[in-house]
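Text of run.cif, listed as mmCIF, C-alpha atoms and all ligand atoms:
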```cif
data_entry
loop_
_atom_site.group_PDB
_atom_site.id
_atom_site.type_symbol
_atom_site.label_atom_id
_atom_site.label_comp_id
_atom_site.auth_asym_id
_atom_site.auth_seq_id
_atom_site.Cartn_x
_atom_site.Cartn_y
_atom_site.Cartn_z
ATOM 1 C CA MET A 708 29.478 13.782 23.463
ATOM 2 C CA SER A 709 28.342 12.665 20.003
ATOM 3 C CA TYR A 710 24.901 11.291 19.236
ATOM 4 C CA LEU A 711 26.205 7.716 19.090
ATOM 5 C CA GLU A 712 29.367 6.710 20.888
ATOM 6 C CA ILE A 713 31.085 3.357 20.715
ATOM 7 C CA GLU A 714 33.493 3.406 23.649
ATOM 8 C CA ASN A 715 36.399 0.968 24.073
ATOM 9 C CA MET A 716 34.328 -1.868 22.702
ATOM 10 C CA SER A 717 35.787 -5.344 22.676
ATOM 11 C CA LYS A 718 34.130 -8.671 22.053
ATOM 12 C CA VAL A 719 35.293 -12.122 23.062
ATOM 13 C CA TYR A 720 33.281 -15.182 22.072
ATOM 14 C CA SER A 721 33.619 -18.291 24.219
ATOM 15 C CA THR A 722 33.996 -21.243 21.900
ATOM 16 C CA LYS A 723 34.730 -24.935 22.448
ATOM 17 C CA LYS A 724 38.344 -24.212 21.532
ATOM 18 C CA GLY A 725 38.576 -21.416 24.102
ATOM 19 C CA ASP A 726 38.078 -17.667 24.039
ATOM 20 C CA PHE A 727 38.090 -15.979 20.657
ATOM 21 C CA GLN A 728 38.731 -12.233 20.632
ATOM 22 C CA VAL A 729 36.895 -10.775 17.661
ATOM 23 C CA LEU A 730 37.075 -7.058 18.385
ATOM 24 C CA GLN A 731 39.498 -4.994 20.372
ATOM 25 C CA ASN A 732 39.315 -1.390 21.474
ATOM 26 C CA ILE A 733 36.762 -0.015 19.013
ATOM 27 C CA ASN A 734 36.140 3.710 19.505
ATOM 28 C CA LEU A 735 33.819 5.551 17.166
ATOM 29 C CA SER A 736 31.767 8.732 17.512
ATOM 30 C CA ILE A 737 28.880 9.280 15.132
ATOM 31 C CA GLU A 738 26.957 12.530 14.819
ATOM 32 C CA ARG A 739 23.227 12.671 14.246
ATOM 33 C CA GLY A 740 22.545 12.647 10.511
ATOM 34 C CA GLU A 741 25.728 10.841 9.553
ATOM 35 C CA PHE A 742 25.875 7.880 7.206
ATOM 36 C CA VAL A 743 28.806 5.692 8.251
ATOM 37 C CA SER A 744 29.933 2.499 6.527
ATOM 38 C CA LEU A 745 32.008 -0.298 8.008
ATOM 39 C CA ILE A 746 34.240 -2.052 5.526
ATOM 40 C CA GLY A 747 36.838 -4.776 6.021
ATOM 41 C CA HIS A 748 37.728 -8.347 5.207
ATOM 42 C CA SER A 749 35.361 -11.205 5.930
ATOM 43 C CA GLY A 750 35.258 -12.211 9.561
ATOM 44 C CA CYS A 751 36.825 -9.049 11.008
ATOM 45 C CA GLY A 752 33.754 -8.378 13.133
ATOM 46 C CA LYS A 753 31.663 -5.817 11.209
ATOM 47 C CA SER A 754 28.384 -7.613 11.886
ATOM 48 C CA THR A 755 29.378 -8.056 15.505
ATOM 49 C CA ILE A 756 29.761 -4.276 15.894
ATOM 50 C CA LEU A 757 26.357 -3.731 14.277
ATOM 51 C CA ASN A 758 24.721 -6.373 16.460
ATOM 52 C CA ILE A 759 26.138 -4.804 19.602
ATOM 53 C CA VAL A 760 24.836 -1.359 18.551
ATOM 54 C CA ALA A 761 21.475 -3.021 17.795
ATOM 55 C CA GLY A 762 21.471 -4.500 21.304
ATOM 56 C CA LEU A 763 21.294 -8.049 19.927
ATOM 57 C CA GLU A 764 24.762 -8.887 21.291
ATOM 58 C CA LYS A 765 26.559 -7.660 24.396
ATOM 59 C CA ALA A 766 30.029 -6.145 24.276
ATOM 60 C CA THR A 767 32.557 -7.939 26.476
ATOM 61 C CA THR A 768 34.012 -4.609 27.541
ATOM 62 C CA GLY A 769 33.079 -1.046 26.707
ATOM 63 C CA GLN A 770 29.695 0.293 25.783
ATOM 64 C CA VAL A 771 27.481 1.984 23.224
ATOM 65 C CA ILE A 772 25.878 5.287 24.215
ATOM 66 C CA LEU A 773 22.970 6.461 22.093
ATOM 67 C CA ASP A 774 21.584 9.936 22.656
ATOM 68 C CA GLY A 775 23.177 10.023 26.103
ATOM 69 C CA ALA A 776 21.918 6.629 27.312
ATOM 70 C CA PRO A 777 23.732 3.278 27.309
ATOM 71 C CA VAL A 778 22.337 0.644 24.950
ATOM 72 C CA THR A 779 21.185 -2.351 27.002
ATOM 73 C CA GLY A 780 19.079 -4.206 24.428
ATOM 74 C CA PRO A 781 17.097 -3.774 21.207
ATOM 75 C CA GLY A 782 14.717 -0.817 20.935
ATOM 76 C CA PRO A 783 12.466 1.005 18.461
ATOM 77 C CA ASP A 784 15.077 3.786 18.198
ATOM 78 C CA ARG A 785 17.212 1.351 16.144
ATOM 79 C CA GLY A 786 16.061 -0.534 13.049
ATOM 80 C CA VAL A 787 18.047 -3.384 11.524
ATOM 81 C CA VAL A 788 18.035 -4.659 7.946
ATOM 82 C CA PHE A 789 19.942 -7.885 7.321
ATOM 83 C CA GLN A 790 21.157 -9.346 4.046
ATOM 84 C CA ASN A 791 18.729 -12.247 4.182
ATOM 85 C CA TYR A 792 15.516 -10.193 4.223
ATOM 86 C CA SER A 793 14.107 -11.623 7.486
ATOM 87 C CA LEU A 794 10.498 -11.362 6.341
ATOM 88 C CA LEU A 795 7.936 -13.677 7.869
ATOM 89 C CA PRO A 796 7.164 -16.217 5.122
ATOM 90 C CA TRP A 797 3.507 -16.783 6.000
ATOM 91 C CA PHE A 798 2.647 -13.050 5.875
ATOM 92 C CA SER A 799 2.038 -10.961 2.761
ATOM 93 C CA VAL A 800 4.347 -8.048 2.006
ATOM 94 C CA TRP A 801 1.711 -5.686 3.426
ATOM 95 C CA GLU A 802 1.280 -7.729 6.611
ATOM 96 C CA ASN A 803 5.036 -7.917 7.130
ATOM 97 C CA VAL A 804 5.243 -4.126 7.246
ATOM 98 C CA TYR A 805 1.927 -3.581 9.043
ATOM 99 C CA GLU A 806 2.816 -5.976 11.891
ATOM 100 C CA VAL A 807 5.861 -3.934 12.826
ATOM 101 C CA VAL A 808 4.134 -0.558 12.370
ATOM 102 C CA ASP A 809 1.271 -1.820 14.548
ATOM 103 C CA ALA A 810 3.655 -2.984 17.259
ATOM 104 C CA VAL A 811 5.603 0.280 17.387
ATOM 105 C CA PHE A 812 2.772 2.831 16.943
ATOM 106 C CA ARG A 813 0.408 1.353 19.516
ATOM 107 C CA ASP A 814 -1.518 4.574 20.055
ATOM 108 C CA ARG A 815 -2.149 5.429 16.373
ATOM 109 C CA SER A 816 -5.448 4.709 14.629
ATOM 110 C CA LYS A 817 -5.674 1.821 12.207
ATOM 111 C CA ASP A 818 -6.094 4.264 9.305
ATOM 112 C CA GLU A 819 -2.946 6.142 10.267
ATOM 113 C CA LYS A 820 -0.985 2.906 10.468
ATOM 114 C CA LYS A 821 -2.335 1.770 7.109
ATOM 115 C CA ALA A 822 -1.322 5.113 5.594
ATOM 116 C CA ILE A 823 2.244 4.657 6.861
ATOM 117 C CA VAL A 824 2.423 1.180 5.327
ATOM 118 C CA GLU A 825 1.052 2.456 2.020
ATOM 119 C CA ARG A 826 3.506 5.312 1.929
ATOM 120 C CA TYR A 827 6.599 3.186 2.383
ATOM 121 C CA LEU A 828 5.491 0.322 0.158
ATOM 122 C CA THR A 829 4.802 2.931 -2.525
ATOM 123 C CA VAL A 830 8.232 4.563 -2.157
ATOM 124 C CA VAL A 831 9.952 1.210 -2.706
ATOM 125 C CA GLY A 832 7.632 0.309 -5.595
ATOM 126 C CA LEU A 833 5.884 -2.597 -3.911
ATOM 127 C CA TRP A 834 2.367 -1.275 -3.476
ATOM 128 C CA ASN A 835 1.095 -3.309 -6.410
ATOM 129 C CA HIS A 836 2.696 -6.433 -4.976
ATOM 130 C CA ARG A 837 1.485 -5.945 -1.431
ATOM 131 C CA HIS A 838 -0.675 -9.082 -1.354
ATOM 132 C CA LYS A 839 2.146 -11.404 -2.343
ATOM 133 C CA ARG A 840 4.038 -13.566 0.129
ATOM 134 C CA PRO A 841 7.864 -13.438 0.303
ATOM 135 C CA ASP A 842 8.217 -16.689 -1.697
ATOM 136 C CA GLU A 843 6.240 -15.096 -4.546
ATOM 137 C CA ILE A 844 8.599 -12.145 -5.070
ATOM 138 C CA SER A 845 12.222 -11.704 -6.158
ATOM 139 C CA GLY A 846 15.214 -11.192 -3.880
ATOM 140 C CA GLY A 847 15.320 -7.488 -4.736
ATOM 141 C CA MET A 848 11.627 -7.108 -3.899
ATOM 142 C CA LYS A 849 12.104 -8.915 -0.598
ATOM 143 C CA GLN A 850 14.887 -6.544 0.323
ATOM 144 C CA ARG A 851 12.708 -3.585 -0.689
ATOM 145 C CA ALA A 852 10.042 -4.872 1.678
ATOM 146 C CA ALA A 853 12.589 -5.207 4.479
ATOM 147 C CA ILE A 854 13.800 -1.645 3.854
ATOM 148 C CA ALA A 855 10.235 -0.285 3.733
ATOM 149 C CA ARG A 856 9.528 -2.054 7.020
ATOM 150 C CA ALA A 857 12.616 -0.576 8.668
ATOM 151 C CA PHE A 858 11.828 3.000 7.522
ATOM 152 C CA ALA A 859 8.107 2.747 8.276
ATOM 153 C CA VAL A 860 8.696 2.711 12.015
ATOM 154 C CA GLY A 861 11.064 5.667 11.752
ATOM 155 C CA PRO A 862 13.956 4.510 13.911
ATOM 156 C CA GLN A 863 16.455 7.286 14.622
ATOM 157 C CA VAL A 864 19.293 4.933 13.736
ATOM 158 C CA LEU A 865 19.190 2.494 10.861
ATOM 159 C CA LEU A 866 21.619 -0.441 10.989
ATOM 160 C CA LEU A 867 22.164 -2.083 7.615
ATOM 161 C CA ASP A 868 24.089 -5.360 7.439
ATOM 162 C CA GLU A 869 25.082 -5.849 3.800
ATOM 163 C CA PRO A 870 21.531 -4.961 2.813
ATOM 164 C CA PHE A 871 22.162 -5.313 -0.908
ATOM 165 C CA GLY A 872 24.839 -8.022 -0.759
ATOM 166 C CA ALA A 873 22.720 -10.787 -2.288
ATOM 167 C CA LEU A 874 21.422 -8.716 -5.194
ATOM 168 C CA ASP A 875 22.541 -8.305 -8.796
ATOM 169 C CA ALA A 876 24.367 -5.078 -9.694
ATOM 170 C CA LEU A 877 21.391 -3.395 -11.351
ATOM 171 C CA THR A 878 18.933 -4.092 -8.541
ATOM 172 C CA ARG A 879 21.593 -3.095 -6.083
ATOM 173 C CA ALA A 880 22.074 0.301 -7.731
ATOM 174 C CA THR A 881 18.308 0.894 -7.856
ATOM 175 C CA LEU A 882 17.935 0.069 -4.185
ATOM 176 C CA GLN A 883 20.856 2.312 -3.256
ATOM 177 C CA ASP A 884 19.093 5.150 -5.091
ATOM 178 C CA GLU A 885 15.872 4.356 -3.237
ATOM 179 C CA LEU A 886 17.752 4.465 0.032
ATOM 180 C CA VAL A 887 19.018 7.944 -0.872
ATOM 181 C CA THR A 888 15.411 8.984 -1.575
ATOM 182 C CA LEU A 889 14.207 7.555 1.716
ATOM 183 C CA MET A 890 16.949 9.339 3.629
ATOM 184 C CA LYS A 891 15.915 12.693 2.202
ATOM 185 C CA PRO A 892 13.460 14.387 4.561
ATOM 186 C CA THR A 893 10.260 15.339 2.732
ATOM 187 C CA GLU A 894 8.040 18.379 3.166
ATOM 188 C CA ASP A 895 5.077 16.094 3.661
ATOM 189 C CA SER A 896 4.602 15.557 7.368
ATOM 190 C CA SER A 897 0.973 14.471 7.079
ATOM 191 C CA VAL A 898 2.015 10.872 7.531
ATOM 192 C CA ASP A 899 4.397 10.372 10.369
ATOM 193 C CA GLY A 900 6.897 7.571 10.710
ATOM 194 C CA GLY A 901 9.979 7.259 8.552
ATOM 195 C CA PRO A 902 12.226 10.180 7.754
ATOM 196 C CA ASN A 903 9.777 12.714 9.161
ATOM 197 C CA SER A 904 10.195 11.206 12.567
ATOM 198 C CA GLY A 905 13.937 11.287 12.162
ATOM 199 C CA THR A 906 15.647 8.350 10.452
ATOM 200 C CA ASP A 907 18.775 10.226 9.594
ATOM 201 C CA THR A 908 21.659 8.273 11.089
ATOM 202 C CA VAL A 909 22.859 5.087 9.424
ATOM 203 C CA ILE A 910 25.566 2.517 10.050
ATOM 204 C CA MET A 911 26.003 0.147 7.131
ATOM 205 C CA VAL A 912 28.206 -2.934 6.804
ATOM 206 C CA THR A 913 29.303 -3.501 3.237
ATOM 207 C CA HIS A 914 31.965 -5.235 1.157
ATOM 208 C CA ASP A 915 31.322 -2.939 -1.761
ATOM 209 C CA ILE A 916 33.688 0.026 -2.067
ATOM 210 C CA ASP A 917 31.510 1.837 -4.642
ATOM 211 C CA GLU A 918 28.451 1.454 -2.456
ATOM 212 C CA ALA A 919 30.359 2.749 0.568
ATOM 213 C CA ILE A 920 31.556 5.855 -1.323
ATOM 214 C CA PHE A 921 28.169 6.556 -2.911
ATOM 215 C CA LEU A 922 26.231 6.410 0.357
ATOM 216 C CA SER A 923 28.562 7.391 3.176
ATOM 217 C CA ASP A 924 29.839 10.506 4.874
ATOM 218 C CA ARG A 925 32.587 8.428 6.465
ATOM 219 C CA ILE A 926 33.979 4.971 5.791
ATOM 220 C CA VAL A 927 35.440 3.034 8.690
ATOM 221 C CA VAL A 928 38.098 0.585 7.502
ATOM 222 C CA MET A 929 38.685 -2.345 9.849
ATOM 223 C CA THR A 930 41.920 -4.291 10.331
ATOM 224 C CA ASN A 931 41.821 -8.023 9.766
ATOM 225 C CA GLY A 932 40.718 -10.176 12.687
ATOM 226 C CA PRO A 933 41.108 -11.682 15.167
ATOM 227 C CA SER A 934 41.302 -8.781 17.614
ATOM 228 C CA ALA A 935 40.220 -6.456 14.813
ATOM 229 C CA THR A 936 40.087 -2.752 15.378
ATOM 230 C CA ILE A 937 39.631 0.413 13.331
ATOM 231 C CA GLU A 938 42.465 0.878 10.860
ATOM 232 C CA THR A 939 41.421 4.265 9.529
ATOM 233 C CA ILE A 940 38.389 6.422 8.881
ATOM 234 C CA ILE A 941 38.002 7.989 5.448
ATOM 235 C CA ASN A 942 35.854 11.073 4.879
ATOM 236 C CA VAL A 943 33.787 11.296 1.696
ATOM 237 C CA PRO A 944 33.699 15.022 0.942
ATOM 238 C CA ILE A 945 30.848 14.883 -1.592
ATOM 239 C CA LYS A 946 27.693 16.643 -0.502
ATOM 240 C CA ARG A 947 24.537 14.611 0.112
ATOM 241 C CA PRO A 948 21.952 13.835 -1.183
ATOM 242 C CA ARG A 949 23.972 12.436 -4.074
ATOM 243 C CA VAL A 950 23.150 11.655 -7.653
ATOM 244 C CA ARG A 951 24.943 8.541 -8.933
ATOM 245 C CA ARG A 952 26.152 10.057 -12.204
ATOM 246 C CA ASP A 953 27.564 13.141 -10.466
ATOM 247 C CA VAL A 954 29.400 11.025 -7.920
ATOM 248 C CA LEU A 955 30.942 8.822 -10.621
ATOM 249 C CA HIS A 956 32.234 11.930 -12.386
ATOM 250 C CA ASP A 957 33.546 13.573 -9.247
ATOM 251 C CA PRO A 958 37.372 13.480 -9.298
ATOM 252 C CA VAL A 959 37.327 12.712 -5.591
ATOM 253 C CA TYR A 960 35.564 9.428 -6.336
ATOM 254 C CA ASN A 961 38.524 7.705 -7.998
ATOM 255 C CA GLU A 962 40.938 9.003 -5.380
ATOM 256 C CA LEU A 963 38.798 7.567 -2.598
ATOM 257 C CA LYS A 964 38.386 4.294 -4.424
ATOM 258 C CA GLU A 965 42.114 3.952 -4.856
ATOM 259 C CA GLU A 966 42.747 4.817 -1.223
ATOM 260 C CA LEU A 967 40.226 2.231 -0.039
ATOM 261 C CA LEU A 968 41.549 -0.462 -2.350
ATOM 262 C CA GLU A 969 45.012 0.192 -1.046
ATOM 263 C CA TYR A 970 43.847 -0.217 2.552
ATOM 264 C CA LEU A 971 41.912 -3.368 1.766
ATOM 265 C CA HIS A 972 44.235 -5.046 -0.686
ATOM 266 C CA GLY A 973 47.515 -3.323 0.006
ATOM 267 C CA SER A 974 48.421 -2.443 -3.581
ATOM 268 C CA PRO A 975 48.000 0.654 -5.671
ATOM 269 C CA VAL A 976 45.325 0.486 -8.312
ATOM 270 C CA ILE A 977 45.496 2.118 -11.725
ATOM 271 C CA SER A 978 42.547 4.482 -12.081
ATOM 272 C CA ARG A 979 40.732 4.675 -15.361
HETATM 273 N N1 LIG B 1 28.253 -16.455 18.238
HETATM 274 C C1 LIG B 1 29.512 -16.609 17.857
HETATM 275 N N2 LIG B 1 30.330 -17.468 18.496
HETATM 276 C C2 LIG B 1 31.618 -17.607 18.126
HETATM 277 N N3 LIG B 1 32.198 -16.906 17.123
HETATM 278 C C3 LIG B 1 31.430 -16.046 16.458
HETATM 279 C C4 LIG B 1 30.053 -15.839 16.782
HETATM 280 N N4 LIG B 1 29.556 -14.905 15.928
HETATM 281 C C5 LIG B 1 30.568 -14.539 15.126
HETATM 282 N N5 LIG B 1 31.688 -15.219 15.440
HETATM 283 C C6 LIG B 1 33.006 -15.078 14.798
HETATM 284 O O1 LIG B 1 33.418 -13.728 14.941
HETATM 285 C C7 LIG B 1 34.120 -13.288 13.794
HETATM 286 C C8 LIG B 1 33.478 -12.021 13.279
HETATM 287 O O2 LIG B 1 32.191 -12.319 12.743
HETATM 288 P P1 LIG B 1 31.323 -11.200 12.009
HETATM 289 O O3 LIG B 1 30.138 -11.884 11.434
HETATM 290 O O4 LIG B 1 31.099 -10.066 12.944
HETATM 291 O O5 LIG B 1 32.330 -10.727 10.860
HETATM 292 P P2 LIG B 1 32.070 -9.864 9.563
HETATM 293 O O6 LIG B 1 33.221 -8.913 9.461
HETATM 294 O O7 LIG B 1 30.724 -9.270 9.609
HETATM 295 O O8 LIG B 1 32.163 -10.992 8.447
HETATM 296 P P3 LIG B 1 31.524 -11.050 6.977
HETATM 297 O O9 LIG B 1 32.085 -9.895 6.239
HETATM 298 O O10 LIG B 1 32.033 -12.365 6.450
HETATM 299 O O11 LIG B 1 30.043 -11.029 7.150
HETATM 300 C C9 LIG B 1 34.109 -14.445 12.805
HETATM 301 O O12 LIG B 1 35.314 -15.133 12.917
HETATM 302 C C10 LIG B 1 32.967 -15.313 13.296
HETATM 303 O O13 LIG B 1 33.197 -16.659 12.975
#
```
Can I see the file as structure tokens?
Ligand SMILES: Nc1ncnc2c1ncn2[C@@H]1O[C@H](COP(=O)(O)OP(=O)(O)OP(=O)(O)O)[C@@H](O)[C@H]1O
Amino acid sequence: MSYLEIENMSKVYSTKKGDFQVLQNINLSIERGEFVSLIGHSGCGKSTILNIVAGLEKATTGQVILDGAPVTGPGPDRGVVFQNYSLLPWFSVWENVYEVVDAVFRDRSKDEKKAIVERYLTVVGLWNHRHKRPDEISGGMKQRAAIARAFAVGPQVLLLDEPFGALDALTRATLQDELVTLMKPTEDSSVDGGPNSGTDTVIMVTHDIDEAIFLSDRIVVMTNGPSATIETIINVPIKRPRVRRDVLHDPVYNELKEELLEYLHGSPVISR
């Protein structure tokens, strides 16, 4: 059995107009340490899959098994980052991260918890902005704070729902690079939390083909809904951690891009 198993998952929403089958027969095995992206047209159920793995939604049939145990609700072993930041508006950046660290690491000293917060706010370049509230910082900074908060508690599985979707291309690329840095285990184990306590498995929902290729080991392409299922799974045979420029120059990159565009839009694309 793999580290994370999605077994025969289906999801039916009851609506005023009757039952609406979003997902049908989703089967996916993810190994520890894998970065897997879900890609597909709007409304096919990508967020629904992520929410079920997060334990925020229940599957209608089937189940999610994580590290041998069925998922029955949310837990500190899974961290979620949404597109819309989800920071508490009345807290500073520092407090937003500290609150969660404090809740998860109940038995750590205050100094240890502060050190974890400092470490992750520093990695995402927000230490100098730690006293600001979410409405005083840019969208990119808010998303950095949300990412720092997710990594700071060191969930084994990180669930990213279009984490960079609302950002401009430049900020997006910077944050993708920061994510690569955060995913890389460091030698420094003096401060626990984060990658040192094992955040190495990621499921990311994205609409961005380049982002999916740059970050993922495998890309799961969904069919269109309703009753969406997995159309195909594409391997990205470029070793991680990756450097953006190297990936862009890798001949495999254009081949994968073309393949994905063909799945998503059904027509061959002329590569540059
Ligand atoms: N609570 C709900 N009740 C009824 N229908 C829902 C509910 N949540 C989602 N849906 C429907 O389920 C379908 C899948 O939604 P979901 O958000 O998972 O898709 P998605 O692939 O993530 O879309 P997008 O790419 O646009 O974010 C959509 O048609 C949506 O309207």
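Taking atom CA of Val943 of chain A and atom CA of Glu962 of chain A as endpoints, the distance between them is 10.3 Å.
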| message | 10 Å from ligand LIG 1 (chain B) is the threshold here; counting all atoms listed in the file, which polymer residues fall inside it? Answer as a PyMOL selection string. | response | chain A and resi 718-723+725-730+745-759+764+790+868-869+872+912-914+929-935
Would you save the residues of that selection, restricted to C-alpha atoms, as a PDB file, keeping the file's coordinate frame?
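The result, written out as out_35.pdb:
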```
ATOM      1  CA  LYS A 718      34.130  -8.671  22.053  1.00  0.00           C
ATOM      2  CA  VAL A 719      35.293 -12.122  23.062  1.00  0.00           C
ATOM      3  CA  TYR A 720      33.281 -15.182  22.072  1.00  0.00           C
ATOM      4  CA  SER A 721      33.619 -18.291  24.219  1.00  0.00           C
ATOM      5  CA  THR A 722      33.996 -21.243  21.900  1.00  0.00           C
ATOM      6  CA  LYS A 723      34.730 -24.935  22.448  1.00  0.00           C
ATOM      7  CA  GLY A 725      38.576 -21.416  24.102  1.00  0.00           C
ATOM      8  CA  ASP A 726      38.078 -17.667  24.039  1.00  0.00           C
ATOM      9  CA  PHE A 727      38.090 -15.979  20.657  1.00  0.00           C
ATOM     10  CA  GLN A 728      38.731 -12.233  20.632  1.00  0.00           C
ATOM     11  CA  VAL A 729      36.895 -10.775  17.661  1.00  0.00           C
ATOM     12  CA  LEU A 730      37.075  -7.058  18.385  1.00  0.00           C
ATOM     13  CA  LEU A 745      32.008  -0.298   8.008  1.00  0.00           C
ATOM     14  CA  ILE A 746      34.240  -2.052   5.526  1.00  0.00           C
ATOM     15  CA  GLY A 747      36.838  -4.776   6.021  1.00  0.00           C
ATOM     16  CA  HIS A 748      37.728  -8.347   5.207  1.00  0.00           C
ATOM     17  CA  SER A 749      35.361 -11.205   5.930  1.00  0.00           C
ATOM     18  CA  GLY A 750      35.258 -12.211   9.561  1.00  0.00           C
ATOM     19  CA  CYS A 751      36.825  -9.049  11.008  1.00  0.00           C
ATOM     20  CA  GLY A 752      33.754  -8.378  13.133  1.00  0.00           C
ATOM     21  CA  LYS A 753      31.663  -5.817  11.209  1.00  0.00           C
ATOM     22  CA  SER A 754      28.384  -7.613  11.886  1.00  0.00           C
ATOM     23  CA  THR A 755      29.378  -8.056  15.505  1.00  0.00           C
ATOM     24  CA  ILE A 756      29.761  -4.276  15.894  1.00  0.00           C
ATOM     25  CA  LEU A 757      26.357  -3.731  14.277  1.00  0.00           C
ATOM     26  CA  ASN A 758      24.721  -6.373  16.460  1.00  0.00           C
ATOM     27  CA  ILE A 759      26.138  -4.804  19.602  1.00  0.00           C
ATOM     28  CA  GLU A 764      24.762  -8.887  21.291  1.00  0.00           C
ATOM     29  CA  GLN A 790      21.157  -9.346   4.046  1.00  0.00           C
ATOM     30  CA  ASP A 868      24.089  -5.360   7.439  1.00  0.00           C
ATOM     31  CA  GLU A 869      25.082  -5.849   3.800  1.00  0.00           C
ATOM     32  CA  GLY A 872      24.839  -8.022  -0.759  1.00  0.00           C
ATOM     33  CA  VAL A 912      28.206  -2.934   6.804  1.00  0.00           C
ATOM     34  CA  THR A 913      29.303  -3.501   3.237  1.00  0.00           C
ATOM     35  CA  HIS A 914      31.965  -5.235   1.157  1.00  0.00           C
ATOM     36  CA  MET A 929      38.685  -2.345   9.849  1.00  0.00           C
ATOM     37  CA  THR A 930      41.920  -4.291  10.331  1.00  0.00           C
ATOM     38  CA  ASN A 931      41.821  -8.023   9.766  1.00  0.00           C
ATOM     39  CA  GLY A 932      40.718 -10.176  12.687  1.00  0.00           C
ATOM     40  CA  PRO A 933      41.108 -11.682  15.167  1.00  0.00           C
ATOM     41  CA  SER A 934      41.302  -8.781  17.614  1.00  0.00           C
ATOM     42  CA  ALA A 935      40.220  -6.456  14.813  1.00  0.00           C
TER      43      ALA A 935
END
```
With 4 Å on each side, where is the centre of the axis-aligned box around all listed atoms of segment 744-759 of chain A, and how long are its edges in Å to one decimal, as lines of an AutoDock Vina configuration file?
```
center_x = 31.2
center_y = -4.9
center_z = 12.4
size_x = 21.0
size_y = 22.7
size_z = 22.4
```
Atom-to-atom span, atom CA of Met911 of chain A and atom CA of Tyr970 of chain A, Å =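 Separating atom CA of Met911 of chain A from atom CA of Tyr970 of chain A is a distance of 18.4 Å.
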Convert the output of the PyMOL selection byres (((chain A and resi 940) around 7) and not hetatm) on the shown file into explicit residues, formatted as number ranges by chain. A: 925-928, 939, 941-942
Export of the given selection (C-alpha atoms) as a PDB file, in the frame of the given file:
```pdb
ATOM      1  CA  ARG A 925      32.587   8.428   6.465  1.00  0.00           C
ATOM      2  CA  ILE A 926      33.979   4.971   5.791  1.00  0.00           C
ATOM      3  CA  VAL A 927      35.440   3.034   8.690  1.00  0.00           C
ATOM      4  CA  VAL A 928      38.098   0.585   7.502  1.00  0.00           C
ATOM      5  CA  THR A 939      41.421   4.265   9.529  1.00  0.00           C
ATOM      6  CA  ILE A 941      38.002   7.989   5.448  1.00  0.00           C
ATOM      7  CA  ASN A 942      35.854  11.073   4.879  1.00  0.00           C
TER       8      ASN A 942
END
```
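Checking A:Leu889, A:Ile945, A:Ile733, A:Val800 one by one against His836 of chain A, counting all atoms listed in the file, you find the shortest gap at A:Val800.
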So what does the PyMOL selection byres (((chain A and resi 738) around 6) and not hetatm) actually pick up in this one, as a short mmCIF file (atom, residue, chain, number, x, y, z; two decimals) with C-alpha atoms, in the coordinates of the input?
```cif
data_model
loop_
_atom_site.label_atom_id
_atom_site.label_comp_id
_atom_site.auth_asym_id
_atom_site.auth_seq_id
_atom_site.Cartn_x
_atom_site.Cartn_y
_atom_site.Cartn_z
CA SER A 709 28.34 12.66 20.00
CA TYR A 710 24.90 11.29 19.24
CA ILE A 737 28.88 9.28 15.13
CA ARG A 739 23.23 12.67 14.25
CA GLU A 741 25.73 10.84 9.55
#
```
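Across the model, the gap from atom CA of Val804 of chain A to atom CA of His838 of chain A is 11.6 Å.
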Practice item. Would you list the residues near (9.4, -0.1, 9.2), meaning any protein, DNA or RNA residue with an atom at most 10 Å from that point in file coordinates, counting all atoms listed in the file, as a VMD selection string? Key: chain A and resid 783 786 to 788 803 to 809 811 823 to 824 827 to 828 852 to 862 900 to 901
As a list in words, please: the residues near Asp884 of chain A (cut-off 9 Å, only C-alpha atoms, same-chain neighbours under 6 positions excluded).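 What passes the distance filter is Arg949, Val950 and Arg951 of chain A.
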Mind dumping the selected residues with C-alpha atoms as an mmCIF file, in the frame of the given file?
```cif
data_model
loop_
_atom_site.group_PDB
_atom_site.id
_atom_site.type_symbol
_atom_site.label_atom_id
_atom_site.label_comp_id
_atom_site.auth_asym_id
_atom_site.auth_seq_id
_atom_site.Cartn_x
_atom_site.Cartn_y
_atom_site.Cartn_z
ATOM 1 C CA ARG A 949 23.972 12.436 -4.074
ATOM 2 C CA VAL A 950 23.150 11.655 -7.653
ATOM 3 C CA ARG A 951 24.943 8.541 -8.933
#
```
Explicit residues for the PyMOL selection byres (((chain A and resi 879) around 12) and not hetatm) (as number ranges by chain): A: 790, 846-848, 850-851, 869-878, 880-886, 915, 917-918
Need the shell around Pro796 of chain A: protein/DNA/RNA residues with any atom at most 9 Å away, counting only C-alpha atoms. Skip same-chain ones fewer than 2 positions apart. Format as a list in words?
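With the cut-off at 9 Å, the set is Ser793, Leu794, Phe798, Ser799, Asn803, Arg840, Pro841 and Asp842 of chain A.
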Export of the given selection (C-alpha atoms) as a PDB file, in the frame of the given file:
```pdb
ATOM      1  CA  SER A 793      14.107 -11.623   7.486  1.00  0.00           C
ATOM      2  CA  LEU A 794      10.498 -11.362   6.341  1.00  0.00           C
ATOM      3  CA  PHE A 798       2.647 -13.050   5.875  1.00  0.00           C
ATOM      4  CA  SER A 799       2.038 -10.961   2.761  1.00  0.00           C
ATOM      5  CA  ASN A 803       5.036  -7.917   7.130  1.00  0.00           C
ATOM      6  CA  ARG A 840       4.038 -13.566   0.129  1.00  0.00           C
ATOM      7  CA  PRO A 841       7.864 -13.438   0.303  1.00  0.00           C
ATOM      8  CA  ASP A 842       8.217 -16.689  -1.697  1.00  0.00           C
TER       9      ASP A 842
END
```
